[in-house]
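What's in run.txt: compact mmCIF, C-alpha atoms and all ligand atoms
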# COMPACT_ATOMS: atom_id res chain seq x y z
CA MET A 160 -25.18 -3.00 5.81
CA ASN A 161 -22.40 -1.05 7.50
CA LEU A 162 -18.97 -1.77 6.05
CA LEU A 163 -17.36 0.54 8.59
CA ASP A 164 -18.65 1.12 12.08
CA LEU A 165 -16.68 3.40 14.41
CA ARG A 166 -18.08 3.96 17.87
CA ASP A 167 -16.96 6.66 20.25
CA LEU A 168 -13.36 6.49 19.01
CA THR A 169 -10.81 8.48 20.99
CA VAL A 170 -7.17 8.52 19.84
CA ARG A 171 -4.21 10.04 21.65
CA ARG A 172 -0.82 10.74 20.09
CA GLY A 173 1.68 11.38 22.86
CA ALA A 174 0.03 13.69 25.37
CA ARG A 175 -2.44 15.07 22.80
CA THR A 176 -5.99 13.88 22.26
CA VAL A 177 -6.24 13.98 18.45
CA LEU A 178 -9.71 12.43 18.08
CA GLU A 179 -12.45 12.70 20.68
CA GLY A 180 -15.47 10.39 20.75
CA VAL A 181 -15.84 9.93 16.98
CA SER A 182 -18.69 7.75 15.73
CA LEU A 183 -19.04 7.15 12.01
CA THR A 184 -20.51 4.58 9.67
CA VAL A 185 -20.07 3.81 5.98
CA ALA A 186 -22.76 1.64 4.42
CA ALA A 187 -22.68 -0.32 1.17
CA GLY A 188 -23.71 2.05 -1.62
CA GLU A 189 -22.28 5.20 -0.04
CA VAL A 190 -19.44 7.58 -0.87
CA VAL A 191 -18.66 9.34 2.41
CA GLY A 192 -16.34 12.34 2.38
CA LEU A 193 -14.26 12.97 5.49
CA ILE A 194 -13.45 16.66 5.46
CA GLY A 195 -11.85 19.14 7.81
CA PRO A 196 -8.95 21.58 8.04
CA ASN A 197 -5.27 20.61 8.16
CA GLY A 198 -4.49 18.77 11.37
CA ALA A 199 -8.14 18.00 12.21
CA GLY A 200 -7.36 14.30 12.50
CA LYS A 201 -8.61 12.84 9.20
CA THR A 202 -5.58 10.61 8.55
CA THR A 203 -5.47 9.62 12.21
CA LEU A 204 -9.12 8.59 12.00
CA LEU A 205 -8.55 6.43 8.92
CA ARG A 206 -5.48 4.77 10.42
CA ALA A 207 -7.26 4.09 13.72
CA ALA A 208 -10.27 2.73 11.84
CA LEU A 209 -7.95 0.23 10.14
CA GLY A 210 -6.24 -0.69 13.42
CA LEU A 211 -2.90 0.77 12.27
CA ILE A 212 -2.78 2.93 15.39
CA PRO A 213 -4.44 2.06 18.69
CA ALA A 214 -7.54 3.73 20.05
CA ALA A 215 -7.54 4.92 23.66
CA LYS A 216 -11.30 4.39 23.78
CA GLY A 217 -14.09 3.16 21.54
CA SER A 218 -14.17 0.56 18.77
CA SER A 219 -13.75 -0.03 15.04
CA ASN A 220 -15.24 -3.10 13.38
CA LEU A 221 -12.24 -3.26 11.00
CA ALA A 222 -9.58 -2.91 13.69
CA ALA A 223 -11.17 -5.87 15.48
CA MET A 224 -10.63 -8.19 12.49
CA PRO A 225 -7.62 -10.49 11.91
CA ALA A 226 -5.26 -8.87 9.36
CA ARG A 227 -6.11 -11.17 6.45
CA THR A 228 -9.86 -10.80 6.97
CA ARG A 229 -9.41 -7.03 7.16
CA ALA A 230 -7.41 -6.98 3.90
CA ARG A 231 -10.38 -8.58 2.18
CA ALA A 232 -12.86 -6.25 3.90
CA ALA A 233 -11.15 -2.94 3.14
CA ALA A 234 -8.62 -1.56 0.64
CA TRP A 235 -6.42 1.24 2.00
CA LEU A 236 -4.90 4.01 -0.06
CA PRO A 237 -2.59 6.02 2.21
CA GLN A 238 -1.68 9.66 1.65
CA ALA A 239 2.05 8.89 1.23
CA ARG A 240 2.66 7.79 -2.34
CA GLU A 241 5.80 5.70 -2.04
CA ILE A 242 6.88 3.24 -4.71
CA ALA A 243 10.11 1.62 -3.57
CA TRP A 244 10.93 -0.82 -6.38
CA PRO A 245 11.17 -0.28 -10.17
CA VAL A 246 8.57 -2.94 -10.96
CA SER A 247 6.21 -2.54 -13.91
CA VAL A 248 2.84 -0.86 -13.52
CA THR A 249 1.07 -4.18 -14.13
CA THR A 250 3.15 -5.96 -11.47
CA LEU A 251 2.45 -3.23 -8.94
CA VAL A 252 -1.30 -3.23 -9.62
CA ALA A 253 -1.28 -7.05 -9.31
CA LEU A 254 -0.02 -6.70 -5.71
CA GLY A 255 -3.57 -5.60 -4.89
CA ARG A 256 -4.57 -9.26 -5.27
CA ARG A 257 -2.28 -10.42 -2.42
CA PRO A 258 -5.11 -10.78 0.17
CA HIS A 259 -6.85 -13.30 -2.11
CA ALA A 260 -5.90 -16.89 -2.90
CA PRO A 261 -4.58 -16.93 -6.52
CA GLY A 262 -7.37 -17.72 -9.00
CA PRO A 263 -9.21 -16.84 -12.19
CA ALA A 264 -10.61 -13.62 -10.69
CA ASP A 265 -7.12 -12.08 -10.53
CA GLN A 266 -6.50 -11.11 -14.16
CA PRO A 267 -9.93 -9.51 -14.79
CA ALA A 268 -9.56 -7.49 -11.55
CA ILE A 269 -6.09 -6.28 -12.57
CA GLU A 270 -7.25 -5.38 -16.09
CA ALA A 271 -10.33 -3.56 -14.79
CA ALA A 272 -8.22 -1.51 -12.38
CA ILE A 273 -5.70 -0.62 -15.13
CA ALA A 274 -8.53 0.47 -17.42
CA ALA A 275 -10.31 2.44 -14.67
CA MET A 276 -7.15 4.42 -13.93
CA ASP A 277 -6.34 5.05 -17.59
CA LEU A 278 -3.02 3.18 -17.30
CA ASP A 279 -3.05 0.96 -20.38
CA ALA A 280 -0.39 3.00 -22.19
CA LEU A 281 1.86 2.89 -19.11
CA ARG A 282 1.47 -0.75 -18.10
CA ALA A 283 5.00 -1.92 -19.05
CA ARG A 284 6.79 1.15 -17.62
CA PRO A 285 8.75 0.91 -14.35
CA ALA A 286 6.42 2.55 -11.82
CA THR A 287 9.29 4.52 -10.26
CA GLN A 288 9.84 6.37 -13.57
CA LEU A 289 6.30 7.79 -13.75
CA SER A 290 5.22 11.31 -12.84
CA GLY A 291 3.73 11.98 -9.41
CA GLY A 292 0.16 11.98 -10.72
CA GLU A 293 0.77 8.82 -12.78
CA GLN A 294 2.20 7.07 -9.71
CA ALA A 295 -0.88 8.14 -7.75
CA ARG A 296 -3.10 6.53 -10.39
CA VAL A 297 -1.07 3.28 -10.22
CA LEU A 298 -1.47 3.11 -6.44
CA ILE A 299 -5.21 3.78 -6.75
CA ALA A 300 -5.37 0.97 -9.33
CA ARG A 301 -3.61 -1.39 -6.88
CA ALA A 302 -6.28 -0.58 -4.26
CA LEU A 303 -9.07 -1.09 -6.82
CA ALA A 304 -7.63 -4.47 -7.86
CA GLN A 305 -8.09 -5.61 -4.26
CA GLU A 306 -11.87 -5.53 -4.94
CA ALA A 307 -12.68 -5.08 -1.26
CA PRO A 308 -16.22 -4.08 -0.30
CA LEU A 309 -14.86 -0.89 1.29
CA LEU A 310 -12.26 1.50 -0.12
CA ILE A 311 -10.62 3.90 2.34
CA ALA A 312 -8.64 6.58 0.52
CA ASP A 313 -6.64 9.43 2.04
CA GLU A 314 -6.59 12.43 -0.30
CA PRO A 315 -6.63 10.27 -3.45
CA THR A 316 -7.15 13.27 -5.74
CA ALA A 317 -3.94 15.01 -4.57
CA GLY A 318 -1.60 15.44 -7.53
CA LEU A 319 -4.12 14.37 -10.16
CA ASP A 320 -5.03 16.71 -13.02
CA THR A 321 -8.62 17.98 -13.07
CA ALA A 322 -9.89 15.43 -15.58
CA HIS A 323 -8.44 12.53 -13.59
CA GLN A 324 -9.81 14.00 -10.32
CA LEU A 325 -13.31 14.14 -11.79
CA ALA A 326 -12.94 10.69 -13.34
CA LEU A 327 -11.79 9.26 -10.00
CA MET A 328 -14.74 10.74 -8.12
CA ALA A 329 -17.10 9.40 -10.82
CA LEU A 330 -15.45 6.00 -10.37
CA PHE A 331 -16.10 6.16 -6.62
CA ALA A 332 -19.76 6.91 -7.38
CA ASP A 333 -19.85 3.89 -9.71
CA LEU A 334 -18.26 1.66 -7.02
CA ALA A 335 -20.96 2.78 -4.60
CA ALA A 336 -23.69 2.20 -7.19
CA SER A 337 -22.39 -1.37 -7.56
CA GLY A 338 -22.80 -1.95 -3.81
CA ARG A 339 -19.40 -1.03 -2.41
CA GLY A 340 -18.62 1.73 0.07
CA VAL A 341 -16.01 4.49 -0.14
CA LEU A 342 -14.59 6.64 2.66
CA VAL A 343 -12.45 9.40 1.22
CA THR A 344 -10.68 12.41 2.68
CA LEU A 345 -10.77 15.49 0.50
CA HIS A 346 -9.71 19.11 0.77
CA ASP A 347 -11.61 20.15 -2.34
CA LEU A 348 -15.11 21.10 -1.17
CA ALA A 349 -16.39 21.32 -4.75
CA LEU A 350 -15.40 17.68 -5.37
CA ALA A 351 -16.93 16.68 -2.03
CA THR A 352 -20.26 18.31 -2.85
CA LEU A 353 -20.16 16.95 -6.39
CA THR A 354 -19.84 13.28 -5.45
CA CYS A 355 -20.28 12.46 -1.78
CA HIS A 356 -23.61 11.13 -0.55
CA ARG A 357 -22.59 12.23 2.95
CA VAL A 358 -19.84 14.34 4.40
CA VAL A 359 -18.46 13.93 7.91
CA VAL A 360 -16.95 17.22 9.06
CA LEU A 361 -14.08 17.04 11.57
CA SER A 362 -13.25 20.18 13.51
CA ALA A 363 -9.73 21.27 14.43
CA GLY A 364 -10.17 19.56 17.81
CA GLY A 365 -10.87 16.14 16.27
CA ARG A 366 -14.61 16.12 16.90
CA VAL A 367 -17.40 15.41 14.43
CA MET A 368 -19.12 18.74 13.79
CA ALA A 369 -21.63 17.48 11.22
CA ASP A 370 -22.59 14.31 9.37
CA GLY A 371 -25.09 14.29 6.52
CA PRO A 372 -25.74 15.17 2.88
CA PRO A 373 -23.39 17.99 1.80
CA SER A 374 -26.23 20.35 0.84
CA GLU A 375 -27.74 19.97 4.32
CA VAL A 376 -24.68 20.22 6.52
CA LEU A 377 -22.32 22.63 4.73
CA SER A 378 -24.00 25.85 5.83
CA ASP A 379 -22.31 29.24 5.51
CA ALA A 380 -21.89 29.29 9.29
CA LEU A 381 -20.19 25.86 9.37
CA LEU A 382 -17.90 26.76 6.45
CA ALA A 383 -16.83 29.90 8.30
CA GLU A 384 -16.39 28.19 11.68
CA VAL A 385 -14.61 24.98 10.61
CA PHE A 386 -12.90 25.89 7.32
CA ALA A 387 -12.60 29.69 7.66
CA VAL A 388 -13.87 30.16 4.10
CA GLU A 389 -16.73 31.82 2.31
CA ALA A 390 -18.20 29.94 -0.66
CA VAL A 391 -20.68 30.48 -3.45
CA ARG A 392 -23.19 27.81 -4.38
CA ILE A 393 -23.71 26.62 -7.94
CA ALA A 394 -27.14 25.05 -8.39
CA ARG A 395 -27.37 22.12 -10.81
CA PRO A 396 -30.24 19.69 -11.38
CA GLN A 397 -28.09 16.92 -9.79
CA GLY A 398 -27.38 19.01 -6.69
CA THR A 399 -25.64 22.13 -5.45
CA ILE A 400 -21.85 22.50 -5.70
CA LEU A 401 -19.80 24.66 -3.34
CA ALA A 402 -17.07 26.86 -4.74
CA PRO A 403 -14.91 28.50 -2.03
CA VAL A 404 -14.10 32.08 -3.01
CA ARG A 405 -12.52 33.78 0.04
CA ALA A 406 -10.42 32.88 3.08
CA LEU A 407 -11.78 34.45 6.24
CA ARG A 408 -8.45 34.69 8.06
N1 LIG B 501 2.70 10.47 15.66
C1 LIG B 501 2.17 11.62 16.10
N2 LIG B 501 2.57 12.18 17.25
C2 LIG B 501 2.04 13.33 17.71
N3 LIG B 501 1.09 14.02 17.05
C3 LIG B 501 0.65 13.51 15.90
C4 LIG B 501 1.16 12.30 15.36
N4 LIG B 501 0.52 12.07 14.19
C5 LIG B 501 -0.33 13.08 14.01
N5 LIG B 501 -0.25 13.95 15.03
C6 LIG B 501 -1.03 15.18 15.21
O1 LIG B 501 -2.39 14.84 15.13
C7 LIG B 501 -3.11 15.88 14.47
C8 LIG B 501 -3.94 15.28 13.35
O2 LIG B 501 -3.07 14.83 12.31
P1 LIG B 501 -3.67 14.18 11.00
O3 LIG B 501 -2.51 13.85 10.12
O4 LIG B 501 -4.59 13.10 11.38
O5 LIG B 501 -4.50 15.41 10.41
P2 LIG B 501 -5.24 15.57 9.00
O6 LIG B 501 -6.62 16.05 9.29
O7 LIG B 501 -5.11 14.32 8.21
O8 LIG B 501 -4.39 16.74 8.38
P3 LIG B 501 -4.03 17.15 6.84
O9 LIG B 501 -5.28 17.70 6.25
O10 LIG B 501 -2.99 18.21 7.05
O11 LIG B 501 -3.49 15.93 6.14
C9 LIG B 501 -2.09 16.90 14.00
O12 LIG B 501 -2.09 18.00 14.87
C10 LIG B 501 -0.79 16.16 14.07
O13 LIG B 501 0.27 17.03 14.38
Re-express the file's structure as structure tokens.
Amino acid sequence: MNLLDLRDLTVRRGARTVLEGVSLTVAAGEVVGLIGPNGAGKTTLLRAALGLIPAAKGSSNLAAMPARTRARAAAWLPQAREIAWPVSVTTLVALGRRPHAPGPADQPAIEAAIAAMDLDALRARPATQLSGGEQARVLIARALAQEAPLLIADEPTAGLDTAHQLALMALFADLAASGRGVLVTLHDLALATLTCHRVVVLSAGGRVMADGPPSEVLSDALLAEVFAVEAVRIARPQGTILAPVRALR
């Protein structure tokens, strides 16, 4: 079942065409990595998929939904990590339950999200007083508490220490294994190859250059053309990991 279905999406910002004819699906059970260089259009794609910015052409199943239905269908973790009010960590995570009618499912969802993001020791602290990485974990927990079938996350590992980055990617894999879907933008190709079932590669012109399992699509030629990097491959029984070692420009 496709949780996200984008067809031939074209998005213009001002006079510029930022995305051109993008088609993309995320099915239940998948972690899909959206990767590409700075300015390729990754954030624009996620925002258009959610209906937060209009498409000039094409369709998104999520954008077509009424807002409340969409809030139950997809949780959105934007790149900007802004916490405006000095509310406690628990209160902020609980805001993830807003799309749902209040009920007995709320507390277990909040507690599970706090545990998943390793926030138990911080739960009573005002969220505005936390470090950047701690705030990032609180906002991820709020999105997890929403318990939507699809999680759309824009650079969720930014600002997290290595252990929390790896734990977060493992959590995404667990969410997929439990039948949810995850669409995540990443700059770290090693993390993308470690966890993603598929990667969708956006080129600088906002076109999909490749879509498939990381080991199949991330060829040396594509890495050079799209990312301008050279990488070594580390073979493991679970799959090959890419480690970029040299910029080509
Ligand atoms: N409101 C806007 N008006 C005009 N151009 C915009 C607007 N928003 C984004 N753009 C342009 O669209 C392009 C894609 O931006 P976007 O933020 O989607 O890229 P990205 O792939 O997420 O980049 P990064 O990896 O740096 O976060 C960029 O060239 C950006 O300058």
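Considering the residues A:Ala383, A:Leu327, A:Val341, A:Ala363 and counting only C-alpha atoms and all ligand atoms, ligand LIG 501 (chain B) has its shortest atom-to-atom contact with A:Ala363.
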### Task
Identify, counting all atoms listed in the file, the protein, DNA and RNA residues located within 10 Å of ligand LIG 501 (chain B), and give them as a PyMOL selection string.
chain A and resi 170-178+193-207+212+238+313-314+344-346+361-365
### Message
Please determine, counting only C-alpha atoms, which residue among A:Ala349, A:Leu211, A:Ala335, A:Val367 has the shortest atom-to-atom distance to A:Pro403.
### Response
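Counting only C-alpha atoms, the residue closest to A:Pro403 is A:Ala349.
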### Query
A:Gln397: which residues within 12 Å, counting all atoms listed in the file, same-chain residues fewer than 3 positions away excluded, as a list in words?
Thr352, Leu353, Thr354, His356, Ser374, Ile393, Ala394 and Ile400 of chain A
#### Entry: All residues 10 Å or closer to A:Ala300, all atoms listed in the file, same chain fewer than 2 positions away omitted, as JSON, numbers by chain
{"A": [236, 248, 249, 251, 252, 253, 255, 268, 269, 270, 271, 272, 273, 274, 275, 276, 277, 278, 294, 295, 296, 297, 298, 302, 303, 304, 305]}
### Task
Between A:Arg256, A:Arg405, A:His323, A:Arg240, single out the one closest to A:Thr287, counting only C-alpha atoms.
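Nearest candidate to A:Thr287 out of A:Arg256, A:Arg405, A:His323, A:Arg240: A:Arg240.
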### Task
Excluding A:Leu221 and residues on its chain fewer than 3 positions from it, collect all residues at most 7 Å away from it, counting only C-alpha atoms, and give them as an NGL selection string.
:A and (163 or 208-210 or 224 or 229)
### Message
Would you compute the distance between atom CA of A:Arg284 and atom CA of A:Ser247? Give it in Å to one decimal.
### Response
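Calculated distance between atom CA of A:Arg284 and atom CA of A:Ser247 is 5.3 Å.
Remark: for A:Ala234, the closest of the candidate residues A:Ala387, A:Val359, A:Ala260, A:Ile299 is A:Ile299 (distances computed over all atoms listed in the file).
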### Message
Measuring between only C-alpha atoms, which one of A:Pro308, A:Gly291, A:Pro285, A:Pro267 shows the shortest distance to A:Ala336?
### Response
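Nearest to A:Ala336: A:Pro308.
Among the candidates A:Pro261, A:Gly340, A:Gly217, A:Pro315, the residue lying nearest to A:Glu189 is A:Gly340 (atoms considered: only C-alpha atoms).
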Tell me, as a PDB file with C-alpha atoms, in the coordinates of the input, which residues lie within 9 Å of A:Val185, counting all atoms listed in the file; anything in the same chain fewer than 6 positions away does not count.
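What follows is the written file around22.pdb:
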ATOM      1  CA  MET A 160     -25.180  -3.000   5.810  1.00  0.00           C
ATOM      2  CA  ASN A 161     -22.400  -1.050   7.500  1.00  0.00           C
ATOM      3  CA  LEU A 162     -18.970  -1.770   6.050  1.00  0.00           C
ATOM      4  CA  LEU A 163     -17.360   0.540   8.590  1.00  0.00           C
ATOM      5  CA  ASP A 164     -18.650   1.120  12.080  1.00  0.00           C
ATOM      6  CA  VAL A 191     -18.660   9.340   2.410  1.00  0.00           C
ATOM      7  CA  LEU A 309     -14.860  -0.890   1.290  1.00  0.00           C
ATOM      8  CA  GLY A 340     -18.620   1.730   0.070  1.00  0.00           C
ATOM      9  CA  VAL A 341     -16.010   4.490  -0.140  1.00  0.00           C
ATOM     10  CA  LEU A 342     -14.590   6.640   2.660  1.00  0.00           C
TER      11      LEU A 342
END
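Relative to atom CA of A:Asp347, atom CA of A:Leu281 is found at 27.6 Å.
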### Task
Calculate how many Å separate atom CA of A:Met328 from atom CA of A:Val343, rounding to one decimal.
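Between atom CA of A:Met328 and atom CA of A:Val343 the gap works out to 9.7 Å.
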### Task
Taking the point (-23.1, 10.8, 6.4) as given in the file, collect each protein or nucleic acid residue that comes within 9 Å of it, counting all atoms listed in the file, and present the set as an MDAnalysis selection string.
chainID A and resid 183:185 189:192 355:359 369:373
### Message
Using all atoms listed in the file, which protein or nucleic acid residues come within 7 Å of A:Gly318? Drop anything in the same chain fewer than 2 positions from it, and give the result as a PyMOL selection string.
### Response
chain A and resi 291-292+316+320
